[in-house]
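Data block below; observations after.
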Amino acid sequence: DAGITQSPRHKVTETGTPVTLRCHQTENHRYMYWYRQDPGHGLRLIHYSYGVKDTDKGEVSDGYSVSRSKTEDFLLTLESATSSQTSVYFCAISETDDTQYFGPGTRLTVL
Amino acid sequence: QKEVEQNSGPLSVPEGAIASLNCTYSDRGSQSFFWYRQYSGKSPELIMSIYSNGDKEDGRFTAQLNKASQYVSLLIRDSQPSDSATYLCAVNKKGYQKVTFGTGTKLQVIP
């Protein structure tokens with residue numbers, strides 16, 4: 001998976017609790033992305049980063065926040081998880097703003 | 001109209017046949033085109049990228065791009081059961097820092 005790890009790989013949580021997912025890369029790529037994948041919707045961009053402390057919203061950013069304090073780490077936080085955020089979350093990296101390589105994914109279930 | 005459209009399938013082909021996967025896109029300014037393969041429960045894996053009109057071959061895979069028709073396709077020759085997966089088409093507009101994905105076509109190769 002191109003030097004990308006995601007943690008945790010699986011998580012079950014309850015509605016209303018905060019959740020943080022971590023993406024870690026060893027490729028020193030500038031761009032990092034968080035997607036969610038749901039049946040019938042494909043991959044949808046949540047947030048992305050184009051450098052340390054530089055982030056922007058994607059198409060489904062409501063209810064999510066991100067932070068990138070180091071090149072190698074990109075954190076996705078659900079401040080108060082809801083059942084609609086049950087999904088598979090993928091992190092991706094890119095050296096330029098073009099070809100993306102994906103991490104192994106995190107399966108999140110919100111009860 | 002979706003930005004990137006794919007037939008969801010499943011597309012069933014016999015082993016050894018040619019599988020043809022198609023994708024159309026709506027933004028004429030798109031410049032980069034990608035095909036990803038995703039096995040069930042796994043993350044997307046880059047197969048091919050194509051930037052210019054015409055064909056690009058890599059082993060059993062050929063990507064075809066026609067910008068005038070806003071159409072990109074992936075041919076898989078000598079299809080194998082191990083090719084059974086969902087194939088995602090992705091399109092990028094340089095400088096926009098994000099890639100748009102189709103919802104994928106499920107391919108089944110029948111032994």
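Naming works like this for the structure tokens: A, B, ... for the chains as they're shown, residue 1 at the start of each chain, ligands 1 onward in shown order.
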
Fewer than 3 positions away in the same chain doesn't count, so skip those; otherwise give me all residues within 6 Å of B:Asn92, counting only C-alpha atoms, as a PyMOL selection string. chain B and resi 30+32+99

Restrict the selected residues to all heavy atoms and save them as a PDB file, in the first residue's frame.
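As a result, out12.pdb now contains:
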ATOM      1  N   SER B  30     -10.924  18.150 -18.197  1.00  0.00           N
ATOM      2  CA  SER B  30     -10.220  17.052 -17.540  1.00  0.00           C
ATOM      3  C   SER B  30      -8.970  16.682 -18.319  1.00  0.00           C
ATOM      4  O   SER B  30      -8.961  16.688 -19.561  1.00  0.00           O
ATOM      5  CB  SER B  30     -11.139  15.832 -17.416  1.00  0.00           C
ATOM      6  OG  SER B  30     -12.281  16.147 -16.653  1.00  0.00           O
ATOM      7  N   SER B  32      -6.342  14.256 -16.738  1.00  0.00           N
ATOM      8  CA  SER B  32      -5.708  13.019 -16.289  1.00  0.00           C
ATOM      9  C   SER B  32      -6.798  11.999 -16.018  1.00  0.00           C
ATOM     10  O   SER B  32      -7.839  12.335 -15.449  1.00  0.00           O
ATOM     11  CB  SER B  32      -4.902  13.258 -14.999  1.00  0.00           C
ATOM     12  OG  SER B  32      -4.032  14.349 -15.145  1.00  0.00           O
ATOM     13  N   VAL B  99      -9.382  14.455  -7.330  1.00  0.00           N
ATOM     14  CA  VAL B  99      -9.749  13.518  -8.378  1.00  0.00           C
ATOM     15  C   VAL B  99     -11.205  13.110  -8.161  1.00  0.00           C
ATOM     16  O   VAL B  99     -11.624  12.901  -7.026  1.00  0.00           O
ATOM     17  CB  VAL B  99      -8.831  12.285  -8.321  1.00  0.00           C
ATOM     18  CG1 VAL B  99      -9.299  11.196  -9.262  1.00  0.00           C
ATOM     19  CG2 VAL B  99      -7.395  12.680  -8.641  1.00  0.00           C
TER      20      VAL B  99
END

Surrounding residues of B:Arg28 excluding itself and chain neighbours under 2 positions, 10 Å, only C-alpha atoms, as JSON, numbers by chain: {"B": [25, 26, 30, 31, 67, 68, 69, 70, 93]}

Give the residues of chain B that lie within 10 Å of chain A; count only C-alpha atoms, and format the answer as a JSON list (two decimals) with all heavy atoms, in the first residue's frame.
[["chain", "number", "residue", "atom", "x", "y", "z"],
["B", 8, "SER", "N", -22.69, 0.10, -13.58],
["B", 8, "SER", "CA", -22.34, -0.60, -12.34],
["B", 8, "SER", "C", -22.14, -2.10, -12.53],
["B", 8, "SER", "O", -21.50, -2.76, -11.70],
["B", 8, "SER", "CB", -23.41, -0.35, -11.29],
["B", 8, "SER", "OG", -24.65, -0.85, -11.72],
["B", 31, "GLN", "N", -7.92, 16.37, -17.59],
["B", 31, "GLN", "CA", -6.62, 16.16, -18.23],
["B", 31, "GLN", "C", -5.97, 14.83, -17.88],
["B", 31, "GLN", "O", -5.10, 14.36, -18.60],
["B", 31, "GLN", "CB", -5.68, 17.29, -17.84],
["B", 31, "GLN", "CG", -6.13, 18.67, -18.31],
["B", 31, "GLN", "CD", -5.29, 19.77, -17.69],
["B", 31, "GLN", "OE1", -5.38, 20.04, -16.51],
["B", 31, "GLN", "NE2", -4.47, 20.41, -18.50],
["B", 32, "SER", "N", -6.34, 14.26, -16.74],
["B", 32, "SER", "CA", -5.71, 13.02, -16.29],
["B", 32, "SER", "C", -6.80, 12.00, -16.02],
["B", 32, "SER", "O", -7.84, 12.33, -15.45],
["B", 32, "SER", "CB", -4.90, 13.26, -15.00],
["B", 32, "SER", "OG", -4.03, 14.35, -15.15],
["B", 33, "PHE", "N", -6.50, 10.76, -16.41],
["B", 33, "PHE", "CA", -7.52, 9.72, -16.33],
["B", 33, "PHE", "C", -6.88, 8.46, -15.75],
["B", 33, "PHE", "O", -5.76, 8.11, -16.14],
["B", 33, "PHE", "CB", -8.12, 9.46, -17.71],
["B", 33, "PHE", "CG", -8.62, 10.72, -18.36],
["B", 33, "PHE", "CD1", -7.76, 11.52, -19.09],
["B", 33, "PHE", "CD2", -9.94, 11.11, -18.19],
["B", 33, "PHE", "CE1", -8.20, 12.70, -19.66],
["B", 33, "PHE", "CE2", -10.40, 12.29, -18.75],
["B", 33, "PHE", "CZ", -9.53, 13.09, -19.49],
["B", 34, "PHE", "N", -7.61, 7.82, -14.86],
["B", 34, "PHE", "CA", -7.03, 6.69, -14.13],
["B", 34, "PHE", "C", -8.02, 5.54, -14.07],
["B", 34, "PHE", "O", -9.23, 5.74, -14.02],
["B", 34, "PHE", "CB", -6.69, 7.11, -12.69],
["B", 34, "PHE", "CG", -5.86, 8.37, -12.60],
["B", 34, "PHE", "CD1", -6.47, 9.60, -12.48],
["B", 34, "PHE", "CD2", -4.48, 8.31, -12.64],
["B", 34, "PHE", "CE1", -5.73, 10.77, -12.40],
["B", 34, "PHE", "CE2", -3.72, 9.47, -12.57],
["B", 34, "PHE", "CZ", -4.35, 10.69, -12.45],
["B", 36, "TYR", "N", -8.58, 2.25, -11.52],
["B", 36, "TYR", "CA", -8.21, 1.55, -10.29],
["B", 36, "TYR", "C", -8.99, 0.23, -10.23],
["B", 36, "TYR", "O", -10.13, 0.14, -10.68],
["B", 36, "TYR", "CB", -8.60, 2.37, -9.05],
["B", 36, "TYR", "CG", -7.73, 3.59, -8.80],
["B", 36, "TYR", "CD1", -7.97, 4.78, -9.46],
["B", 36, "TYR", "CD2", -6.70, 3.54, -7.87],
["B", 36, "TYR", "CE1", -7.18, 5.91, -9.22],
["B", 36, "TYR", "CE2", -5.90, 4.65, -7.60],
["B", 36, "TYR", "CZ", -6.15, 5.83, -8.28],
["B", 36, "TYR", "OH", -5.38, 6.93, -8.04],
["B", 41, "GLY", "N", -13.54, -5.71, -0.14],
["B", 41, "GLY", "CA", -12.97, -5.54, 1.17],
["B", 41, "GLY", "C", -11.56, -4.97, 1.19],
["B", 41, "GLY", "O", -10.94, -4.88, 2.24],
["B", 42, "LYS", "N", -11.07, -4.59, 0.01],
["B", 42, "LYS", "CA", -9.71, -4.04, -0.09],
["B", 42, "LYS", "C", -9.74, -2.60, -0.58],
["B", 42, "LYS", "O", -10.80, -2.07, -0.91],
["B", 42, "LYS", "CB", -8.87, -4.90, -1.05],
["B", 42, "LYS", "CG", -8.75, -6.36, -0.65],
["B", 42, "LYS", "CD", -8.00, -6.51, 0.66],
["B", 42, "LYS", "CE", -7.79, -7.97, 1.02],
["B", 42, "LYS", "NZ", -7.06, -8.12, 2.30],
["B", 43, "SER", "N", -8.57, -1.98, -0.62],
["B", 43, "SER", "CA", -8.50, -0.60, -1.07],
["B", 43, "SER", "C", -8.27, -0.53, -2.57],
["B", 43, "SER", "O", -7.79, -1.50, -3.18],
["B", 43, "SER", "CB", -7.37, 0.12, -0.32],
["B", 43, "SER", "OG", -6.13, -0.50, -0.57],
["B", 44, "PRO", "N", -8.59, 0.60, -3.19],
["B", 44, "PRO", "CA", -8.35, 0.75, -4.64],
["B", 44, "PRO", "C", -6.85, 0.70, -4.94],
["B", 44, "PRO", "O", -6.03, 1.26, -4.22],
["B", 44, "PRO", "CB", -8.93, 2.14, -4.94],
["B", 44, "PRO", "CG", -9.91, 2.40, -3.85],
["B", 44, "PRO", "CD", -9.32, 1.74, -2.64],
["B", 45, "GLU", "N", -6.55, 0.06, -6.06],
["B", 45, "GLU", "CA", -5.17, -0.12, -6.50],
["B", 45, "GLU", "C", -5.04, 0.44, -7.91],
["B", 45, "GLU", "O", -5.81, 0.06, -8.80],
["B", 45, "GLU", "CB", -4.84, -1.62, -6.49],
["B", 45, "GLU", "CG", -3.51, -2.01, -7.09],
["B", 45, "GLU", "CD", -3.42, -3.51, -7.30],
["B", 45, "GLU", "OE1", -4.44, -4.21, -7.16],
["B", 45, "GLU", "OE2", -2.34, -3.98, -7.63],
["B", 46, "LEU", "N", -4.09, 1.31, -8.13],
["B", 46, "LEU", "CA", -3.92, 1.92, -9.44],
["B", 46, "LEU", "C", -3.45, 0.89, -10.47],
["B", 46, "LEU", "O", -2.48, 0.16, -10.24],
["B", 46, "LEU", "CB", -2.90, 3.06, -9.36],
["B", 46, "LEU", "CG", -2.63, 3.80, -10.66],
["B", 46, "LEU", "CD1", -3.86, 4.63, -11.07],
["B", 46, "LEU", "CD2", -1.40, 4.70, -10.52],
["B", 48, "MET", "N", -3.78, 1.81, -14.24],
["B", 48, "MET", "CA", -3.31, 2.56, -15.41],
["B", 48, "MET", "C", -3.62, 4.03, -15.22],
["B", 48, "MET", "O", -4.62, 4.40, -14.61],
["B", 48, "MET", "CB", -4.05, 2.10, -16.67],
["B", 48, "MET", "CG", -3.88, 0.68, -17.08],
["B", 48, "MET", "SD", -2.40, 0.41, -18.03],
["B", 48, "MET", "CE", -2.79, 1.25, -19.56],
["B", 49, "SER", "N", -2.78, 4.87, -15.83],
["B", 49, "SER", "CA", -3.10, 6.27, -15.98],
["B", 49, "SER", "C", -2.90, 6.62, -17.45],
["B", 49, "SER", "O", -2.05, 6.01, -18.13],
["B", 49, "SER", "CB", -2.20, 7.13, -15.10],
["B", 49, "SER", "OG", -0.83, 6.91, -15.42],
["B", 88, "LEU", "N", -12.69, 1.10, -10.93],
["B", 88, "LEU", "CA", -13.06, 2.49, -10.74],
["B", 88, "LEU", "C", -12.36, 3.37, -11.77],
["B", 88, "LEU", "O", -11.14, 3.28, -11.95],
["B", 88, "LEU", "CB", -12.65, 2.98, -9.35],
["B", 88, "LEU", "CG", -13.15, 2.16, -8.15],
["B", 88, "LEU", "CD1", -12.56, 2.73, -6.86],
["B", 88, "LEU", "CD2", -14.66, 2.16, -8.09],
["B", 90, "ALA", "N", -11.36, 7.23, -12.75],
["B", 90, "ALA", "CA", -11.14, 8.48, -12.02],
["B", 90, "ALA", "C", -10.61, 9.53, -12.99],
["B", 90, "ALA", "O", -9.85, 9.21, -13.91],
["B", 90, "ALA", "CB", -10.16, 8.26, -10.87],
["B", 91, "VAL", "N", -10.99, 10.76, -12.74],
["B", 91, "VAL", "CA", -10.69, 11.85, -13.65],
["B", 91, "VAL", "C", -10.18, 13.03, -12.85],
["B", 91, "VAL", "O", -10.71, 13.33, -11.77],
["B", 91, "VAL", "CB", -11.96, 12.24, -14.44],
["B", 91, "VAL", "CG1", -11.72, 13.47, -15.27],
["B", 91, "VAL", "CG2", -12.43, 11.09, -15.30],
["B", 92, "ASN", "N", -9.16, 13.71, -13.36],
["B", 92, "ASN", "CA", -8.59, 14.85, -12.66],
["B", 92, "ASN", "C", -8.45, 16.04, -13.59],
["B", 92, "ASN", "O", -8.17, 15.87, -14.78],
["B", 92, "ASN", "CB", -7.21, 14.49, -12.10],
["B", 92, "ASN", "CG", -6.67, 15.55, -11.16],
["B", 92, "ASN", "OD1", -7.43, 16.32, -10.59],
["B", 92, "ASN", "ND2", -5.37, 15.58, -11.00],
["B", 93, "LYS", "N", -8.65, 17.20, -13.02],
["B", 93, "LYS", "CA", -8.43, 18.45, -13.74],
["B", 93, "LYS", "C", -7.25, 19.12, -13.06],
["B", 93, "LYS", "O", -7.32, 19.46, -11.88],
["B", 93, "LYS", "CB", -9.67, 19.32, -13.65],
["B", 93, "LYS", "CG", -9.68, 20.52, -14.56],
["B", 93, "LYS", "CD", -11.07, 21.16, -14.53],
["B", 93, "LYS", "CE", -11.11, 22.42, -15.36],
["B", 93, "LYS", "NZ", -12.46, 23.03, -15.36],
["B", 94, "LYS", "N", -6.17, 19.24, -13.77],
["B", 94, "LYS", "CA", -4.92, 19.69, -13.19],
["B", 94, "LYS", "C", -5.11, 21.01, -12.46],
["B", 94, "LYS", "O", -5.78, 21.92, -12.94],
["B", 94, "LYS", "CB", -3.87, 19.88, -14.30],
["B", 94, "LYS", "CG", -2.44, 19.89, -13.81],
["B", 94, "LYS", "CD", -2.02, 18.51, -13.35],
["B", 94, "LYS", "CE", -0.54, 18.48, -13.02],
["B", 94, "LYS", "NZ", -0.14, 17.21, -12.43],
["B", 95, "GLY", "N", -4.54, 21.07, -11.25],
["B", 95, "GLY", "CA", -4.63, 22.29, -10.49],
["B", 95, "GLY", "C", -5.82, 22.36, -9.57],
["B", 95, "GLY", "O", -5.91, 23.26, -8.74],
["B", 96, "TYR", "N", -6.73, 21.42, -9.70],
["B", 96, "TYR", "CA", -7.93, 21.42, -8.88],
["B", 96, "TYR", "C", -7.75, 20.56, -7.63],
["B", 96, "TYR", "O", -8.65, 20.49, -6.81],
["B", 96, "TYR", "CB", -9.14, 20.96, -9.67],
["B", 96, "TYR", "CG", -9.76, 22.09, -10.46],
["B", 96, "TYR", "CD1", -9.06, 22.68, -11.50],
["B", 96, "TYR", "CD2", -11.00, 22.59, -10.15],
["B", 96, "TYR", "CE1", -9.60, 23.72, -12.22],
["B", 96, "TYR", "CE2", -11.57, 23.62, -10.86],
["B", 96, "TYR", "CZ", -10.85, 24.19, -11.90],
["B", 96, "TYR", "OH", -11.39, 25.23, -12.61],
["B", 97, "GLN", "N", -6.60, 19.91, -7.52],
["B", 97, "GLN", "CA", -6.20, 19.23, -6.30],
["B", 97, "GLN", "C", -7.17, 18.15, -5.85],
["B", 97, "GLN", "O", -7.20, 17.81, -4.68],
["B", 97, "GLN", "CB", -5.97, 20.23, -5.17],
["B", 97, "GLN", "CG", -4.87, 21.23, -5.51],
["B", 97, "GLN", "CD", -4.60, 22.20, -4.39],
["B", 97, "GLN", "OE1", -5.10, 22.06, -3.30],
["B", 97, "GLN", "NE2", -3.78, 23.19, -4.67],
["B", 98, "LYS", "N", -8.00, 17.66, -6.72],
["B", 98, "LYS", "CA", -8.83, 16.53, -6.34],
["B", 98, "LYS", "C", -9.21, 15.74, -7.57],
["B", 98, "LYS", "O", -9.33, 16.27, -8.67],
["B", 98, "LYS", "CB", -10.06, 16.99, -5.58],
["B", 98, "LYS", "CG", -11.09, 17.76, -6.37],
["B", 98, "LYS", "CD", -12.23, 18.18, -5.47],
["B", 98, "LYS", "CE", -13.36, 18.82, -6.25],
["B", 98, "LYS", "NZ", -14.16, 17.82, -6.97],
["B", 99, "VAL", "N", -9.38, 14.46, -7.33],
["B", 99, "VAL", "CA", -9.75, 13.52, -8.38],
["B", 99, "VAL", "C", -11.20, 13.11, -8.16],
["B", 99, "VAL", "O", -11.62, 12.90, -7.03],
["B", 99, "VAL", "CB", -8.83, 12.28, -8.32],
["B", 99, "VAL", "CG1", -9.30, 11.20, -9.26],
["B", 99, "VAL", "CG2", -7.39, 12.68, -8.64],
["B", 100, "THR", "N", -11.97, 13.01, -9.22],
["B", 100, "THR", "CA", -13.36, 12.57, -9.14],
["B", 100, "THR", "C", -13.46, 11.12, -9.59],
["B", 100, "THR", "O", -12.98, 10.78, -10.67],
["B", 100, "THR", "CB", -14.27, 13.45, -10.01],
["B", 100, "THR", "OG1", -14.13, 14.81, -9.58],
["B", 100, "THR", "CG2", -15.73, 13.03, -9.85],
["B", 101, "PHE", "N", -14.10, 10.31, -8.77],
["B", 101, "PHE", "CA", -14.22, 8.88, -9.05],
["B", 101, "PHE", "C", -15.62, 8.53, -9.52],
["B", 101, "PHE", "O", -16.61, 9.10, -9.04],
["B", 101, "PHE", "CB", -13.92, 8.07, -7.79],
["B", 101, "PHE", "CG", -12.47, 8.07, -7.39],
["B", 101, "PHE", "CD1", -11.94, 9.11, -6.66],
["B", 101, "PHE", "CD2", -11.64, 7.03, -7.77],
["B", 101, "PHE", "CE1", -10.59, 9.12, -6.31],
["B", 101, "PHE", "CE2", -10.31, 7.02, -7.41],
["B", 101, "PHE", "CZ", -9.78, 8.08, -6.69],
["B", 102, "GLY", "N", -15.67, 7.57, -10.43],
["B", 102, "GLY", "CA", -16.94, 6.95, -10.75],
["B", 102, "GLY", "C", -17.30, 5.94, -9.68],
["B", 102, "GLY", "O", -16.48, 5.62, -8.80],
["B", 103, "THR", "N", -18.51, 5.40, -9.76],
["B", 103, "THR", "CA", -18.96, 4.46, -8.74],
["B", 103, "THR", "C", -18.49, 3.03, -9.00],
["B", 103, "THR", "O", -18.66, 2.16, -8.17],
["B", 103, "THR", "CB", -20.49, 4.48, -8.61],
["B", 103, "THR", "OG1", -21.06, 4.26, -9.89],
["B", 103, "THR", "CG2", -20.97, 5.81, -8.07],
["B", 104, "GLY", "N", -17.87, 2.82, -10.17],
["B", 104, "GLY", "CA", -17.25, 1.53, -10.42],
["B", 104, "GLY", "C", -18.12, 0.55, -11.20],
["B", 104, "GLY", "O", -19.35, 0.61, -11.14]]

Quick one: pull the distance between atom CA of B:Ser79 and atom CA of B:Ser12, Å, one decimal.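 Rounded to one decimal, the two atoms are 10.5 Å apart.
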
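Our summary of the geometry notes that atom CA of B:Ser52 is positioned 17.9 Å from atom CA of B:Val4.
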